[in-house]
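Colleague: Just passing along the structure, written as structure tokens.
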Amino acid sequence: MQERVRQLLASQKVDTGAVIPLLQKVQETFGYLPQEAIGQVARLLKMSESEIFGVATFYAQFRFTRPGDHTIKVCLGTACHVRGGSQIMETIERELDVKAGGTTKDFKFGLERVACFGSCALAPVLVVDDKVYGRLSSGKTKEIIAQHQ
Amino acid sequence: MSNVNLTINGGKVSVSGNATVLEAAQAAGIYIPTLCHHQGLAPHGGCRLCLVEVEGMRRLTTACTTPVAEGMAVKTDTPQIQQLRRNILELVLSEHPHACFTCDRKERCGPLDICLRNVGVSERCVTCPKNRRCELQEVVNYIGMPEMTVPYTFRGLSVEKDGVFFDRDYNLCILCGRCVRVCQEVRGAGAVAFTYRGSQALIGTAFGQPLYDVGCQFCGACVDACPTGALVERSAKWMGTPDRQVTTTCPYCGVGCQLDVQVKHEHIINVIPNKDSPVNKGQACVKGKFGLDFVHDGDRLTSPLIKKNGSFVEASWDEALDLVVRSFSKYKGGQFAAIASAKCTNEDNYVLQKFVRAVMETNNIDHCARL
Amino acid sequence: MQTKAFDDIRAHAEKEWEALEHSQKPRILVGTATCGLAAGAEAVLKAIEAELAQRGIEAILMQVGCIGLCYSEPMVDIVGPGQARVCYGGVTPEMVTRLIEEHVVNGRPCSDLALGTVGKGSADGIRPLFESPVLKPQVRIVLRRCGLIDPENIRHYIATGGYRGLAKALKMSADEVIAEVKRSGLRGRGGAGFPTGQKWEFCRKSAGKQKYIICNADEGDPGAFMNRSLLEGDPHSVLEGMLIGACAIGASEGYIYCRAEYPLALKRLRIAMAQMEEYGLLGNDVLGSGFGFHLKIKEGAGAFVCGEETALMASIEGKRGMPRSRPPFPAVSGLWGKPTNINNVETWANTAAIMENGADWYASYGSKGNSGTKTFSLVGKVERTGLIEVPLGITLAQIINDIGGGMLGGKAFKAVQTGGPSGGCLGSDFLNSPVDYETLAKAGSIVGSGGMIVLDEDTCVVDLARYFLTFVQNESCGKCVPCRVGTRQMLGILERITRGEGRAEDIDQLQTLAETVRDGSLCALGGTAPNPVLTTLRYFRSEYEAHILEKRCPARGCQKLVSCYILPDKCEGCGICLKACPVEAIAGGKRMVHVIDQVKCTRCGACIDICPPRFSAIKKVSGEEIEVPPEPIPVTPKKKAAKTEPAE
């Protein structure tokens, strides 16, 4: 792990304000921010580990535990809320026996809530990995999960 | 920068153009309550208690962040401001225990009384190490205890006891950020930081690691900056208010940091670096801040010892100095050497080397810091 | 001077565009912005490719941005050689064969599937799209190219008038450019509505050699996607605006701060910037004018507060996105302590249009003091959801009824929410009010970045206020006390009310807390966070009272305050709901009237959704009980007879 992080960081451009792009790169590679990586980013940027951790925990994008193979992001933006986004969330929570922000026991699915994808006209919306599904109902949601099972 | 003139509550004030409204008010002896502002730190504007009215500004503004301007007219205590401050204070107290204000036994409880448990254990005044020497209490005293319409929620965190010098109890933290800012801005350590955000925001370390794993030097600057009982020196934790305070020079090295030594029952209970000293400006290192307890150590030498018949025997200073003088006159020149201590001041060290070279006629002088 | 170089580029681009317009090959344009993709545009695109390949048809297949009619995505435009461009909506892969067969092969547009024609020319039985009720009241300035050009092709942008505003600006002095923008009356489209020209002037006059400009593309308002669509559909218009601003302000470096949740917008921005460099529009010497400008993209990492200027700058600097007090203003001390000018995506795009067509032209749209147009994402319970651009001063009724096609499913209008978590809910009293900065502010809401969410009788405004508070207390940066603690306390009260545990004093307490947060907070996020609560308290107080005093949710939206019943005279015992119930709260059997166990029921509504409309046997009520049998009873034949009559 350490070696992989080292190689990854070595390939990155380091300039002022590089913290967030570096963390994004680490997360892109590992799917989350391992504790070792935070330490290495800190040493690279000559910042303290706590400061980097403070920055990382500020932004909703960053996670600190291993994600599932598939990430399901349920939009709970206003338009989705008004059109029943929370019911979609509940359906998935029930189907997969996982709470928002968690990962299923078999690490197959991670479930996240997202503030808005900007696909409000097609609300309610969810995203599995990078694919957007709009105009959902409970039934359609179950089908989508089944497809990825 | 040249001075500017402004009025605060109708009174004329003249201050440097670099000053903030808060500094101008302080210079004029006008109290503005604040919790996040701290001498030596950049303005933060987080606690919002120093809100003041500036003529011509649309909203109330924080005195700590607003620079003064020529002709500015500031009001610090209109009824509107007082009400808003009370409302904000209510929010501060909704995440900080405040039975020290609301307990009906407050006035009657003597220092040795057992708490009659009128309030929950997490809220008792006796369970707060800063009771009666707490900045938050001062602020509440000025603004007035608000009627608590929102519930107090106890965070239920366990006290972090990493290291031997101080404890961190974030149940008492009001997130003023002074500790974070002093650690980052002044000390350059960044051992603690704001973590998470919104209602989850908390001061902490990377992944909650103990302080000694995240680059903490245990200088204690955070403890000195903390306005509440969240960060407290372990030595002073349950000692209450000191009997007296003595300002002295730190004995550890030649920098000459000024320390305010707090004494109770003729014991040093705590050390606060002197804020006005030009040498250390309210800062100290771990030795000065936490290392003065050697004074009361049972093994400490408190009188000179002279070796007689193979073992040390206590002697008076006169006797000891006489012995030294007699010996010095016998060993002038190359057979003499002196080693100076870093615990002495620069002046002491200067005098010693002068003495060795001029009187003892040798250059055999060295210093422990070089060893 | 640079004119020669740019003229060459332009001539080249126009030639290419001309060749495309008069191409002898059929052209097929597929809307593949995020909304199109969400509706299934990718499958449609693949079906078209397969169909074309199978038939051996040589056609120009283009991917374009969003035209704004999101309700009819996925959309496909087909242009036969020498024919009018016909736009089809709601295209499925199954429809592709017919479209290719009839329109592309036989040259006969399918009038029954068409939404309208776009641009010049006409087709039998198809009316021009821009004459349709949804587009007619709209004025498209920033969105004028969205859906019409290939956003990944800079030559399309140039051929349709792009970078002409920049060429003009480069010939003018900085003061003239600023004067032009000032004269246009353009105000910040990010929400606050500060005059753009004036903002530029502050930064220009600020001392310092190094200055920055920033494009705020951190569209964090949940329920808004104007900026995403624009960046996906016409990225160059934003970039051109930034170049104009940079040359007027004297900034040599710029940043685009864009949310990472918008991968397609980011991709298109990167492509656009690479093309600009290729054409000499970025770099040390833009179009040979001697003016140098460099641009970087910074991806946001998910924080609503970073839409606030000072938080955004902190985030670019790699810090926690916590706002700081002003003064100093960014125009004096911004990014890395240097004078900085921040504008929103739409503001930048507007300046490009203003420089191209002139301030007077721009000011001829909109109303006095509110010139020009504003984009809104019209979503929620309207028939036609989508991205719209309207002149400021238009009424809410025009937007909702004319453009939006009225309420979804013919339900009654209740309120419109503008400005997202920072805005307010305005009821039917405001339907005839003009949409402009001052009117909305006076009503307690804001124009905001342009989210416009329409609510019908089934939406509970108390629940909506609770939703927004959940959002802001989560998105608050945590720096200042009123916002961090106040929003949490407000949320606690709202949660209690929506659970039916409200107390009589809650309304007053909410009001006090809201005012404390509004007046005491450090930044605009906190300052405006109470707006959803304050406006709903002001205009829908009776709903709060119903929740608190009667434990009833008039809109039947609060799960804890509603109950679902199966009406015995309507239930046909089909068993569909029984199977759909996720918590097995429904008892029944074949030809038995089903009964919901009120204790087990979570009020998720799955049964209501699934009950066949011809039965409509399940009713949601609040504050009342419906008498139903305690356990399943046989369906009586009498009722069956009644049910065979046509449904109402």
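Chain labels run A, B, ... following the order of the structure tokens; each chain numbers its residues from 1, and ligands are numbered from 1 in the order shown.
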Excluding segment 109-123 of chain A and any residue of its chain fewer than 5 positions from it, enumerate the residues within 6 Å of it, using only C-alpha atoms, and give them as JSON, numbers by chain.

Modeller: {"A": [67, 68, 69, 70, 71, 72, 73, 74, 75, 76, 77, 79, 80, 100, 101, 102, 103, 104, 134, 135], "C": [35, 70, 222, 223, 224, 225, 379, 385, 386]}

Colleague: Write out as a VMD selection string every residue belonging to chain C that has an atom at most 10 Å from any atom of chain B, counting only C-alpha atoms.

Modeller: chain C and resid 303 320 to 328 471 to 490 492 to 493 505 to 506 509 512 to 513 515 to 517 519 to 522

Colleague: Counting only C-alpha atoms, what are the residues of chain A within 12 Å of chain B, and for each of them which pair of atoms is the nearest and at what distance in Å, to one decimal? Sort the table by chain and rising number, as a tab-separated table.

Modeller:
residue	atom	partner	partner_atom	distance
A:Leu33	CA	B:Phe207	CA	11.1
A:Pro34	CA	B:Phe207	CA	10.2
A:Gln35	CA	B:Phe207	CA	7.5
A:Glu36	CA	B:Phe207	CA	10.7
A:Ala37	CA	B:Ala206	CA	11.8
A:Ile38	CA	B:Ala206	CA	8.5
A:Gly39	CA	B:Ala206	CA	9.0
A:Ala42	CA	B:Ala206	CA	10.7
A:Arg43	CA	B:Gly215	CA	11.6
A:Lys46	CA	B:Ala189	CA	10.6
A:Met47	CA	B:Gly190	CA	7.7
A:Ser48	CA	B:Gly190	CA	5.5
A:Glu49	CA	B:Ala206	CA	5.8
A:Ser50	CA	B:Ala206	CA	4.1
A:Glu51	CA	B:Ala193	CA	5.4
A:Ile52	CA	B:Ala206	CA	7.7
A:Phe53	CA	B:Ala206	CA	5.1
A:Gly54	CA	B:Thr195	CA	4.2
A:Val55	CA	B:Thr195	CA	7.3
A:Ala56	CA	B:Tyr196	CA	8.1
A:Thr57	CA	B:Tyr196	CA	4.6
A:Phe58	CA	B:Tyr196	CA	4.8
A:Tyr59	CA	B:Tyr196	CA	7.9
A:Ala60	CA	B:Tyr196	CA	9.1
A:Gln61	CA	B:Tyr196	CA	11.9
A:Phe62	CA	B:Tyr196	CA	10.8
A:Arg63	CA	B:Tyr196	CA	11.5
A:Phe64	CA	B:Phe207	CA	9.2
A:Thr65	CA	B:Phe207	CA	11.6

Colleague: Need to verify the contact set: Val599 of chain C, 12 Å, only C-alpha atoms, exclusion of same-chain residues closer than 6 positions in sequence. Can you return it as a list in words?

Modeller: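 Counting only C-alpha atoms, the residues come to Lys560, Ser563, Cys564, Val583, Glu584, Ala585 and Ile586 of chain C.
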
Colleague: Go ahead and dump the residues you just picked, all heavy atoms, as a PDB file, in the first residue's frame.

Modeller:
ATOM      1  N   LYS C 560     -45.153  10.247   9.697  1.00  0.00           N
ATOM      2  CA  LYS C 560     -45.606   9.882  11.036  1.00  0.00           C
ATOM      3  C   LYS C 560     -47.034  10.350  11.314  1.00  0.00           C
ATOM      4  O   LYS C 560     -47.623   9.961  12.310  1.00  0.00           O
ATOM      5  CB  LYS C 560     -44.667  10.490  12.086  1.00  0.00           C
ATOM      6  CG  LYS C 560     -43.293   9.874  12.077  1.00  0.00           C
ATOM      7  CD  LYS C 560     -43.197   8.705  13.021  1.00  0.00           C
ATOM      8  CE  LYS C 560     -42.050   7.903  12.687  1.00  0.00           C
ATOM      9  NZ  LYS C 560     -41.199   7.199  13.349  1.00  0.00           N
ATOM     10  N   SER C 563     -51.989   7.925   7.867  1.00  0.00           N
ATOM     11  CA  SER C 563     -52.283   6.496   7.903  1.00  0.00           C
ATOM     12  C   SER C 563     -52.847   6.118   6.540  1.00  0.00           C
ATOM     13  O   SER C 563     -53.457   6.944   5.863  1.00  0.00           O
ATOM     14  CB  SER C 563     -53.331   6.153   8.956  1.00  0.00           C
ATOM     15  OG  SER C 563     -53.347   7.097   9.978  1.00  0.00           O
ATOM     16  N   CYS C 564     -52.610   4.876   6.160  1.00  0.00           N
ATOM     17  CA  CYS C 564     -53.126   4.395   4.887  1.00  0.00           C
ATOM     18  C   CYS C 564     -54.212   3.360   5.187  1.00  0.00           C
ATOM     19  O   CYS C 564     -54.059   2.510   6.068  1.00  0.00           O
ATOM     20  CB  CYS C 564     -52.014   3.753   4.067  1.00  0.00           C
ATOM     21  SG  CYS C 564     -50.700   4.898   3.705  1.00  0.00           S
ATOM     22  N   VAL C 583     -43.077  -4.442   4.369  1.00  0.00           N
ATOM     23  CA  VAL C 583     -43.006  -4.841   5.772  1.00  0.00           C
ATOM     24  C   VAL C 583     -44.108  -5.827   6.157  1.00  0.00           C
ATOM     25  O   VAL C 583     -44.366  -6.052   7.337  1.00  0.00           O
ATOM     26  CB  VAL C 583     -43.056  -3.612   6.713  1.00  0.00           C
ATOM     27  CG1 VAL C 583     -41.782  -2.810   6.583  1.00  0.00           C
ATOM     28  CG2 VAL C 583     -44.274  -2.740   6.429  1.00  0.00           C
ATOM     29  N   GLU C 584     -44.746  -6.379   5.151  1.00  0.00           N
ATOM     30  CA  GLU C 584     -45.809  -7.375   5.364  1.00  0.00           C
ATOM     31  C   GLU C 584     -46.866  -6.870   6.327  1.00  0.00           C
ATOM     32  O   GLU C 584     -47.250  -7.551   7.277  1.00  0.00           O
ATOM     33  CB  GLU C 584     -45.209  -8.700   5.847  1.00  0.00           C
ATOM     34  CG  GLU C 584     -44.380  -9.352   4.783  1.00  0.00           C
ATOM     35  CD  GLU C 584     -43.623 -10.567   5.273  1.00  0.00           C
ATOM     36  OE1 GLU C 584     -43.761 -10.931   6.446  1.00  0.00           O
ATOM     37  OE2 GLU C 584     -42.879 -11.139   4.456  1.00  0.00           O
ATOM     38  N   ALA C 585     -47.314  -5.659   6.071  1.00  0.00           N
ATOM     39  CA  ALA C 585     -48.324  -5.075   6.950  1.00  0.00           C
ATOM     40  C   ALA C 585     -49.730  -5.299   6.400  1.00  0.00           C
ATOM     41  O   ALA C 585     -50.701  -4.909   7.028  1.00  0.00           O
ATOM     42  CB  ALA C 585     -48.077  -3.587   7.129  1.00  0.00           C
ATOM     43  N   ILE C 586     -49.826  -5.885   5.219  1.00  0.00           N
ATOM     44  CA  ILE C 586     -51.147  -6.045   4.606  1.00  0.00           C
ATOM     45  C   ILE C 586     -51.591  -7.501   4.719  1.00  0.00           C
ATOM     46  O   ILE C 586     -50.861  -8.423   4.376  1.00  0.00           O
ATOM     47  CB  ILE C 586     -51.126  -5.584   3.132  1.00  0.00           C
ATOM     48  CG1 ILE C 586     -50.710  -4.110   3.067  1.00  0.00           C
ATOM     49  CG2 ILE C 586     -52.499  -5.809   2.475  1.00  0.00           C
ATOM     50  CD1 ILE C 586     -50.630  -3.540   1.682  1.00  0.00           C
TER      51      ILE C 586
END

Colleague: Identify, on the basis of only C-alpha atoms, every residue whose closest approach to Ala18 of chain A does not exceed 12 Å; exclude the query and any residue fewer than 6 positions from it along the same chain; express the result as a PDB file with C-alpha atoms, in the first residue's frame.

Modeller:
ATOM      1  CA  LEU A   9       2.101  10.777  -5.372  1.00  0.00           C
ATOM      2  CA  GLN A  12       1.522  14.183  -9.313  1.00  0.00           C
ATOM      3  CA  GLN A  24      -8.931  13.107  -4.973  1.00  0.00           C
ATOM      4  CA  LYS A  25      -6.263  11.209  -6.840  1.00  0.00           C
ATOM      5  CA  VAL A  41       0.355  13.319   1.566  1.00  0.00           C
ATOM      6  CA  ALA A  42       1.124  15.240   4.750  1.00  0.00           C
ATOM      7  CA  LEU A  44       4.879  15.404   0.788  1.00  0.00           C
ATOM      8  CA  LEU A  45       3.191  18.749   1.358  1.00  0.00           C
ATOM      9  CA  LYS A  46       5.008  19.402   4.635  1.00  0.00           C
ATOM     10  CA  MET A  47       1.731  19.798   6.408  1.00  0.00           C
ATOM     11  CA  ILE A  52      -4.967  17.090   6.042  1.00  0.00           C
ATOM     12  CA  VAL A  55      -9.511  19.136   5.142  1.00  0.00           C
TER      13      VAL A  55
ATOM     14  CA  LYS C 298     -10.298  22.979  -9.593  1.00  0.00           C
ATOM     15  CA  GLU C 299     -12.684  20.193  -8.768  1.00  0.00           C
ATOM     16  CA  SER C 315     -11.015  25.541  -0.954  1.00  0.00           C
ATOM     17  CA  ILE C 316      -8.890  26.449  -3.975  1.00  0.00           C
ATOM     18  CA  GLU C 317      -6.074  27.167  -1.550  1.00  0.00           C
ATOM     19  CA  GLY C 318      -6.468  23.609  -0.283  1.00  0.00           C
ATOM     20  CA  LYS C 319      -8.073  24.452   3.029  1.00  0.00           C
TER      21      LYS C 319
END

Colleague: From a DSSP pass on the backbone, collect the residues of segment 18-130 of chain C flagged as strand (DSSP E or B) and hand them back as an NGL selection string.

Modeller: :C and (27-31 or 60-64 or 76-79 or 85-88 or 114-118 or 123 or 126 or 128)

Colleague: Looking at A:Gln149, A:Thr29, A:Gln87, A:Thr78, which one is nearest to Asp106 of chain A, with distances taken over only C-alpha atoms?

Modeller: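 For Asp106 of chain A, the nearest of the given residues is A:Gln149.
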
Colleague: Could you jot down the atom CA of Leu45 of chain C to atom CA of Leu266 of chain C separation for me, Å, one decimal place?

Modeller: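 So the two atoms, atom CA of Leu45 of chain C and atom CA of Leu266 of chain C, lie 21.4 Å apart.
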
Colleague: Residues near Gln353 of chain B, anyone? I mean within 8 Å using only C-alpha atoms, not counting same-chain ones fewer than 4 positions away, as a list in words.

Modeller: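 Neighbouring residues, sequence-local ones excluded: Asn349, Arg357 and Ile365 of chain B.
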
Colleague: Would you write out those residues with all heavy atoms, as a PDB file, in the first residue's frame?

Modeller:
ATOM      1  N   ASN B 349      25.825  33.345  32.261  1.00  0.00           N
ATOM      2  CA  ASN B 349      26.840  32.645  31.481  1.00  0.00           C
ATOM      3  C   ASN B 349      27.960  33.588  31.048  1.00  0.00           C
ATOM      4  O   ASN B 349      29.131  33.226  31.021  1.00  0.00           O
ATOM      5  CB  ASN B 349      26.200  31.986  30.252  1.00  0.00           C
ATOM      6  CG  ASN B 349      25.570  30.646  30.619  1.00  0.00           C
ATOM      7  OD1 ASN B 349      26.194  29.836  31.309  1.00  0.00           O
ATOM      8  ND2 ASN B 349      24.338  30.424  30.196  1.00  0.00           N
ATOM      9  N   ARG B 357      38.052  33.398  32.230  1.00  0.00           N
ATOM     10  CA  ARG B 357      39.165  33.921  31.437  1.00  0.00           C
ATOM     11  C   ARG B 357      39.988  34.959  32.204  1.00  0.00           C
ATOM     12  O   ARG B 357      41.203  34.928  32.182  1.00  0.00           O
ATOM     13  CB  ARG B 357      38.641  34.556  30.137  1.00  0.00           C
ATOM     14  CG  ARG B 357      38.031  33.537  29.183  1.00  0.00           C
ATOM     15  CD  ARG B 357      37.675  34.194  27.852  1.00  0.00           C
ATOM     16  NE  ARG B 357      36.403  33.729  27.338  1.00  0.00           N
ATOM     17  CZ  ARG B 357      36.260  32.640  26.599  1.00  0.00           C
ATOM     18  NH1 ARG B 357      37.313  31.925  26.264  1.00  0.00           N
ATOM     19  NH2 ARG B 357      35.083  32.264  26.189  1.00  0.00           N
ATOM     20  N   ILE B 365      36.540  26.841  29.174  1.00  0.00           N
ATOM     21  CA  ILE B 365      35.140  27.091  29.560  1.00  0.00           C
ATOM     22  C   ILE B 365      34.237  26.467  28.502  1.00  0.00           C
ATOM     23  O   ILE B 365      34.489  26.574  27.319  1.00  0.00           O
ATOM     24  CB  ILE B 365      34.869  28.609  29.712  1.00  0.00           C
ATOM     25  CG1 ILE B 365      33.363  28.916  29.842  1.00  0.00           C
ATOM     26  CG2 ILE B 365      35.403  29.418  28.547  1.00  0.00           C
ATOM     27  CD1 ILE B 365      32.943  29.088  31.243  1.00  0.00           C
TER      28      ILE B 365
END

Colleague: Atom CA of Asp221 of chain C to atom CA of Val461 of chain C: how many Å, to one decimal?

Modeller: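 Answer for the atom CA of Asp221 of chain C to atom CA of Val461 of chain C separation: 18.0 Å.
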
Colleague: When distances are computed from only C-alpha atoms, which of C:Arg496, C:Arg228, C:Arg466, C:Lys338 shows the smallest separation from chain A?

Modeller: C:Arg228
